[in-house]
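**Student:** Okay, handing you the structure first.
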Amino acid sequence: MLGGVIYSFARLEPFIKEYTVSMKLIKPNTVVLPLNFSEGEMANNRVDPILHANHYYTLTNGAINLGNYEPFYEYFPLKFKPGLNLPIYLPGMNWNEVLEKHQHILRLCSYVSMVDYLLVWNTPDDPFKTDIDHCYTQVHFNGHMKIYVPNH
């Protein structure tokens, strides 16, 4: 077991480092929406290592992470804004399932008034790419990681 963990950390650390190198760009008390389009090497892992890496961006600066599924379920002790039903969450489905199976109902341009940053890992699928190109401006690029802000 220990050998497997050491192997996984050694193999995945470069991805986590690439994802989190831009953390200082996120201003305090803002709202981030992570979009993870993992593919290739990471698709062969049991768990996508980038899936929860977005929490590093909001852990200490008071920012809100809309990719955090916990506040939307009753069994966690903290409920963020009860009654808030963002369209990025569908009942009984996690964020990756929504991205994969229900892209057609998500319109990122409708989020420009409530999202300060998009954290985009890899190349977005359509229709996400169209919405991002039309309604957001890229402010950072590092390998697979891109950060966008809304056009105002």
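FYI, nothing fancy with the structure tokens labels: chains A, B, ... in order, residues from 1 per chain, ligands from 1 as they appear.
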Name the residues in contact with stretch 109-114 of chain A at a cut-off of 7 Å, using only C-alpha atoms, excluding same-chain residues fewer than 4 positions from it; report them as a PyMOL selection string.
**Tutor:** chain A and resi 131+135+150
**Student:** Keeping only N, CA, C and O atoms, write the selected residues to a file as a CSV table (one decimal), in the first residue's frame.
**Tutor:**
```csv
chain,number,residue,atom,x,y,z
A,131,ASP,N,-18.7,29.6,-24.9
A,131,ASP,CA,-19.1,30.5,-23.9
A,131,ASP,C,-17.9,31.2,-23.3
A,131,ASP,O,-17.9,32.4,-23.0
A,135,CYS,N,-17.5,35.2,-23.4
A,135,CYS,CA,-17.9,36.0,-22.2
A,135,CYS,C,-16.7,36.1,-21.1
A,135,CYS,O,-16.9,36.8,-20.1
A,150,PRO,N,-14.5,37.4,-16.0
A,150,PRO,CA,-15.6,37.7,-16.9
A,150,PRO,C,-15.3,39.0,-17.6
A,150,PRO,O,-14.7,39.9,-17.1
```
**Student:** What lies within 9 Å of A:Val115 using only C-alpha atoms, ignoring chain neighbours under 3 positions off, as a count of residues only?
**Tutor:** 10
**Student:** Could you please determine the separation between atom CA of A:Ile6 and atom CA of A:Met145 in Å, to one decimal place?
**Tutor:**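 For atom CA of A:Ile6 relative to atom CA of A:Met145, the distance reads 24.5 Å.
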**Student:** I want to know what sits within 10 Å of A:Ala63, based on only C-alpha atoms, with residues of the same chain fewer than 3 positions away left out; could you give that as a PyMOL selection string?
**Tutor:** chain A and resi 26-32+55+57-60+66+116
**Student:** Quick one: write out the picked residues with N, CA, C and O atoms as a short mmCIF file (atom, residue, chain, number, x, y, z; two decimals), in the first residue's frame?
**Tutor:**
```
data_model
loop_
_atom_site.label_atom_id
_atom_site.label_comp_id
_atom_site.auth_asym_id
_atom_site.auth_seq_id
_atom_site.Cartn_x
_atom_site.Cartn_y
_atom_site.Cartn_z
N ILE A 26 -5.67 34.70 -7.33
CA ILE A 26 -7.07 34.78 -6.90
C ILE A 26 -7.16 35.75 -5.72
O ILE A 26 -6.55 35.54 -4.67
N LYS A 27 -7.92 36.81 -5.91
CA LYS A 27 -8.07 37.82 -4.86
C LYS A 27 -8.95 37.28 -3.73
O LYS A 27 -9.84 36.45 -3.95
N PRO A 28 -8.74 37.78 -2.51
CA PRO A 28 -9.56 37.35 -1.38
C PRO A 28 -11.04 37.69 -1.59
O PRO A 28 -11.38 38.67 -2.25
N ASN A 29 -11.88 36.87 -0.98
CA ASN A 29 -13.32 37.10 -0.95
C ASN A 29 -13.95 37.19 -2.34
O ASN A 29 -14.84 38.01 -2.57
N THR A 30 -13.49 36.36 -3.25
CA THR A 30 -14.05 36.30 -4.59
C THR A 30 -14.71 34.93 -4.79
O THR A 30 -14.72 34.10 -3.88
N VAL A 31 -15.25 34.70 -5.97
CA VAL A 31 -15.93 33.44 -6.28
C VAL A 31 -15.22 32.79 -7.47
O VAL A 31 -15.01 33.43 -8.50
N VAL A 32 -14.86 31.50 -7.31
CA VAL A 32 -14.21 30.77 -8.40
C VAL A 32 -15.09 29.60 -8.82
O VAL A 32 -15.77 28.99 -8.00
N HIS A 55 -9.58 23.42 -4.35
CA HIS A 55 -9.73 23.90 -2.97
C HIS A 55 -8.51 24.67 -2.49
O HIS A 55 -8.63 25.53 -1.63
N TYR A 57 -7.04 26.94 -4.03
CA TYR A 57 -7.23 28.33 -4.43
C TYR A 57 -8.08 29.12 -3.44
O TYR A 57 -8.00 30.33 -3.38
N THR A 58 -8.91 28.44 -2.67
CA THR A 58 -9.85 29.14 -1.80
C THR A 58 -9.67 28.82 -0.32
O THR A 58 -10.38 29.36 0.51
N LEU A 59 -8.72 28.00 0.00
CA LEU A 59 -8.55 27.50 1.36
C LEU A 59 -8.25 28.60 2.38
O LEU A 59 -8.79 28.59 3.48
N THR A 60 -7.43 29.57 2.03
CA THR A 60 -7.00 30.55 3.03
C THR A 60 -7.33 32.00 2.68
O THR A 60 -6.99 32.89 3.45
N LEU A 66 -17.19 27.31 -6.09
CA LEU A 66 -18.43 26.72 -6.56
C LEU A 66 -18.27 25.26 -6.98
O LEU A 66 -19.26 24.59 -7.24
N ASP A 116 -16.15 35.34 -10.28
CA ASP A 116 -15.01 36.23 -10.50
C ASP A 116 -13.90 35.59 -11.31
O ASP A 116 -13.17 36.28 -12.02
#
```
**Student:** Please identify all polymer residues within 9 Å of stretch 7-23 of chain A, counting only C-alpha atoms, omitting same-chain residues fewer than 5 positions from it, and present them as JSON, numbers by chain.
**Tutor:** {"A": [2, 42, 49, 50, 53, 54, 56, 57, 58, 121, 140, 141, 142, 143, 144, 145, 146, 147]}
**Student:** Hey, what's within 8 Å of A:Ile132 if we count only C-alpha atoms and toss same-chain stuff fewer than 4 positions away? As a VMD selection string, please?
**Tutor:** chain A and resid 108 to 109 128 136 to 137
**Student:** Which value, in Å to one decimal, gives the distance between atom CA of A:Asn68 and atom CA of A:Val120?
**Tutor:** 15.1 Å
**Student:** In Å, with one decimal, what is the gap from atom CA of A:His52 to atom CA of A:Thr130?
**Tutor:**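 Here the two named atoms are 25.0 Å from each other.
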**Student:** Rank nothing, just name the residue among A:Arg107, A:Gly4, A:Leu25, A:Tyr117 nearest to A:Gly67, using only C-alpha atoms.
**Tutor:**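 Among the listed residues, the smallest separation from A:Gly67 belongs to A:Tyr117.
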